[in-house]
file entry27.csv (CSV, C-alpha atoms)
chain,number,residue,atom,x,y,z
M,27,MET,CA,60.5,36.6,-50.9
M,28,LYS,CA,59.0,39.9,-51.6
M,29,GLN,CA,55.8,38.2,-52.7
M,30,LEU,CA,55.5,36.3,-49.4
M,31,LEU,CA,56.0,39.6,-47.5
M,32,VAL,CA,53.2,41.3,-49.4
M,33,GLY,CA,51.0,38.2,-48.8
M,34,ALA,CA,51.7,38.5,-45.1
M,35,LEU,CA,50.7,42.2,-45.2
M,36,THR,CA,47.0,41.5,-45.6
M,37,MET,CA,47.0,39.3,-42.5
M,38,CYS,CA,49.1,41.9,-40.6
M,39,ILE,CA,46.5,44.5,-41.4
M,40,PHE,CA,43.7,42.2,-40.3
M,41,ALA,CA,45.5,41.4,-37.0
M,42,MET,CA,46.2,45.1,-36.3
M,43,ILE,CA,42.6,46.1,-36.9
M,44,ASP,CA,41.2,43.1,-34.9
M,45,SER,CA,43.6,43.5,-32.0
M,46,GLY,CA,43.3,47.3,-32.0
M,47,ILE,CA,39.5,47.2,-31.9
M,48,PHE,CA,39.6,44.6,-29.1
M,49,LEU,CA,42.3,46.4,-27.1
M,50,PHE,CA,41.1,50.0,-27.4
M,51,MET,CA,37.3,49.6,-27.5
M,52,GLU,CA,36.6,46.4,-25.6
M,53,ALA,CA,35.9,48.0,-22.2
M,54,ASP,CA,33.4,50.6,-23.7
M,55,PHE,CA,31.7,48.1,-26.0
M,56,ASP,CA,31.4,45.6,-23.1
M,57,GLU,CA,29.7,48.2,-20.9
M,58,TYR,CA,27.3,49.0,-23.8
M,59,LEU,CA,26.5,45.3,-24.3
M,60,LYS,CA,25.7,44.8,-20.6
M,61,LYS,CA,22.4,46.5,-21.4
M,62,PHE,CA,21.3,43.4,-23.3
M,63,ASP,CA,20.0,40.6,-21.1
M,64,TYR,CA,20.6,37.9,-23.6
M,65,LEU,CA,24.4,38.5,-23.5
M,66,ASP,CA,26.0,37.3,-20.2
M,67,ASN,CA,29.6,37.3,-19.0
M,68,VAL,CA,30.4,34.3,-21.2
M,69,THR,CA,28.7,35.4,-24.4
M,70,ARG,CA,29.7,39.1,-24.4
M,71,PRO,CA,33.5,38.3,-25.0
M,72,VAL,CA,32.5,35.9,-27.8
M,73,PHE,CA,30.3,38.6,-29.4
M,74,LEU,CA,33.1,41.2,-28.9
M,75,GLY,CA,35.7,39.0,-30.6
M,76,GLY,CA,33.4,38.1,-33.4
M,77,THR,CA,32.5,41.7,-34.0
M,78,SER,CA,36.1,42.9,-34.1
M,79,ALA,CA,37.1,40.0,-36.3
M,80,ALA,CA,34.2,40.8,-38.7
M,81,PHE,CA,35.3,44.5,-39.0
M,82,ALA,CA,38.9,43.4,-39.5
M,83,ILE,CA,38.0,41.0,-42.2
M,84,LEU,CA,35.9,43.6,-44.0
M,85,ILE,CA,38.6,46.3,-43.9
M,86,ALA,CA,41.5,43.9,-44.7
M,87,GLY,CA,39.5,42.5,-47.6
M,88,VAL,CA,38.8,45.9,-49.0
M,89,VAL,CA,42.5,46.8,-48.8
M,90,LYS,CA,43.5,43.5,-50.4
M,91,LYS,CA,41.0,43.8,-53.2
M,92,TYR,CA,41.4,47.4,-54.1
M,93,ILE,CA,45.0,48.1,-53.2
M,94,ILE,CA,47.2,45.0,-52.9
M,95,ILE,CA,45.8,42.8,-55.7
M,96,PRO,CA,45.9,45.5,-58.4
M,97,ASN,CA,49.4,46.8,-57.5
M,98,PHE,CA,51.4,43.8,-56.3
M,99,LYS,CA,52.2,40.2,-57.1
M,100,PHE,CA,52.0,38.2,-54.0
M,101,GLU,CA,51.7,34.7,-52.6
M,102,GLU,CA,49.6,33.7,-49.7
M,103,THR,CA,50.4,30.6,-47.7
M,104,PRO,CA,49.2,29.4,-44.3
M,105,LEU,CA,52.6,30.2,-42.9
M,106,THR,CA,52.7,33.8,-44.3
M,107,GLU,CA,49.2,34.3,-42.9
M,108,PHE,CA,50.2,33.0,-39.5
M,109,ILE,CA,53.3,35.2,-39.4
M,110,GLY,CA,51.2,38.2,-40.6
M,111,VAL,CA,48.6,37.8,-37.8
M,112,LEU,CA,51.4,37.4,-35.2
M,113,LEU,CA,53.2,40.4,-36.5
M,114,GLY,CA,50.1,42.6,-36.6
M,115,THR,CA,49.2,41.6,-33.1
M,116,MET,CA,52.7,42.3,-31.8
M,117,ILE,CA,52.6,45.8,-33.5
M,118,VAL,CA,49.4,46.6,-31.7
M,119,ILE,CA,50.7,45.4,-28.3
M,120,LEU,CA,54.0,47.3,-28.7
M,121,SER,CA,52.1,50.5,-29.7
M,122,TYR,CA,49.9,50.1,-26.7
M,123,ARG,CA,52.8,49.6,-24.4
M,124,LEU,CA,54.8,52.5,-25.8
M,125,LEU,CA,52.0,55.0,-26.2
M,126,ILE,CA,49.2,54.4,-23.7
M,127,HIS,CA,50.2,51.9,-21.0
M,128,HIS,CA,53.6,53.7,-20.5
M,129,ASP,CA,51.7,57.0,-19.9
M,130,LYS,CA,49.2,55.3,-17.6
M,131,ASP,CA,52.1,53.8,-15.5
M,132,ASN,CA,53.7,57.3,-15.2
M,133,LYS,CA,50.5,58.8,-14.0
M,134,ILE,CA,50.0,56.1,-11.4
M,135,GLU,CA,53.6,56.5,-10.2
M,136,LYS,CA,53.2,60.3,-9.9
M,137,LEU,CA,50.0,59.8,-7.9
M,138,ASN,CA,51.7,57.3,-5.6
M,139,LYS,CA,54.6,59.7,-5.0
M,140,LEU,CA,52.2,62.5,-4.2
M,141,LYS,CA,50.3,60.3,-1.7
M,142,ASN,CA,53.6,59.2,-0.1
M,143,ARG,CA,54.7,62.8,0.3
M,144,ARG,CA,51.5,63.7,2.0
M,145,ILE,CA,51.8,60.8,4.4
M,146,ILE,CA,55.4,61.7,5.2
M,147,TYR,CA,54.6,65.4,5.8
M,148,HIS,CA,51.5,64.9,7.9
call {"tool": "encode", "arguments": {"input": "entry27.csv", "output": "structure tokens"}}
result
Amino acid sequence: MKQLLVGALTMCIFAMIDSGIFLFMEADFDEYLKKFDYLDNVTRPVFLGGTSAAFAILIAGVVKKYIIIPNFKFEETPLTEFIGVLLGTMIVILSYRLLIHHDKDNKIEKLNKLKNRRIIYH
């Protein structure tokens, strides 16, 4: 069982990097890519997804080769890879919801309350 969990770890790392890059850098990278005429509204997301996946594969591969393989016995199966990708994606989404999106919602609520107070008092 431990070997399967270690096997899922590589895919979890991959998914966290891939999802994290896409979630946190997508808007800025998309704005930058709009400068290039050969990338339109359809091809920009494809390029963004491919770029984030490429970086994720590179980093997860380095972690696997230099940290996981020398130090752990593990077993990779399609199911453990599937579970690892889903788990990593969920970790990024939960982190976003807890750390960033929650704060964004609070700021919007505070602004709306201030606007409502001004409307009521005027």
call {"tool": "atom_distance", "arguments": {"input": "entry27.csv", "atom1": "CA of Lys28 (chain M)", "atom2": "CA of Pro104 (chain M)"}}
result
16.1 Å
call {"tool": "closest_residue", "arguments": {"input": "entry27.csv", "among": "M:Leu49, M:Ile43, M:Leu124, M:Ala34", "to": "Ala82 (chain M)", "atoms": "all atoms listed in the file"}}
result
M:Ile43
call {"tool": "closest_residue", "arguments": {"input": "entry27.csv", "among": "M:Leu112, M:Ile47, M:Leu31, M:Leu120", "to": "Gly75 (chain M)", "atoms": "only C-alpha atoms"}}
result
M:Ile47
call {"tool": "atom_distance", "arguments": {"input": "entry27.csv", "atom1": "CA of Leu113 (chain M)", "atom2": "CA of Asp56 (chain M)"}}
result
26.1 Å
call {"tool": "atom_distance", "arguments": {"input": "entry27.csv", "atom1": "CA of Ser45 (chain M)", "atom2": "CA of Lys99 (chain M)"}}
result
26.7 Å
call {"tool": "residues_around", "arguments": {"input": "entry27.csv", "residues": "Thr77 (chain M)", "least_positions_apart": "2", "cutoff": "12 Å", "atoms": "only C-alpha atoms", "output": "ChimeraX atom specification"}}
result
/M:43-45,47-48,51-52,55-56,59,70-75,79-84
call {"tool": "closest_residue", "arguments": {"input": "entry27.csv", "among": "M:Gly46, M:Asn67, M:Thr36, M:Ile109", "to": "Tyr92 (chain M)", "atoms": "all atoms listed in the file"}}
result
M:Thr36
call {"tool": "closest_residue", "arguments": {"input": "entry27.csv", "among": "M:Glu101, M:Val89, M:Leu65, M:Ala53", "to": "Val32 (chain M)", "atoms": "all atoms listed in the file"}}
result
M:Glu101
call {"tool": "residues_around", "arguments": {"input": "entry27.csv", "residues": "Met37 (chain M)", "least_positions_apart": "4", "cutoff": "8 Å", "atoms": "only C-alpha atoms", "output": "PDB file with C-alpha atoms, in the frame of the given file"}}
result
ATOM      1  CA  GLY M  33      51.000  38.200 -48.800  1.00  0.00           C
ATOM      2  CA  ALA M  41      45.500  41.400 -37.000  1.00  0.00           C
ATOM      3  CA  ALA M  86      41.500  43.900 -44.700  1.00  0.00           C
ATOM      4  CA  GLU M 107      49.200  34.300 -42.900  1.00  0.00           C
ATOM      5  CA  PHE M 108      50.200  33.000 -39.500  1.00  0.00           C
ATOM      6  CA  GLY M 110      51.200  38.200 -40.600  1.00  0.00           C
ATOM      7  CA  VAL M 111      48.600  37.800 -37.800  1.00  0.00           C
ATOM      8  CA  GLY M 114      50.100  42.600 -36.600  1.00  0.00           C
TER       9      GLY M 114
END
call {"tool": "closest_residue", "arguments": {"input": "entry27.csv", "among": "M:Met42, M:Leu125, M:Leu105, M:Ile93", "to": "Ser78 (chain M)", "atoms": "only C-alpha atoms"}}
result
M:Met42
call {"tool": "closest_residue", "arguments": {"input": "entry27.csv", "among": "M:Ile119, M:Ile95, M:Ile85, M:Ile126", "to": "Ile39 (chain M)", "atoms": "all atoms listed in the file"}}
result
M:Ile85
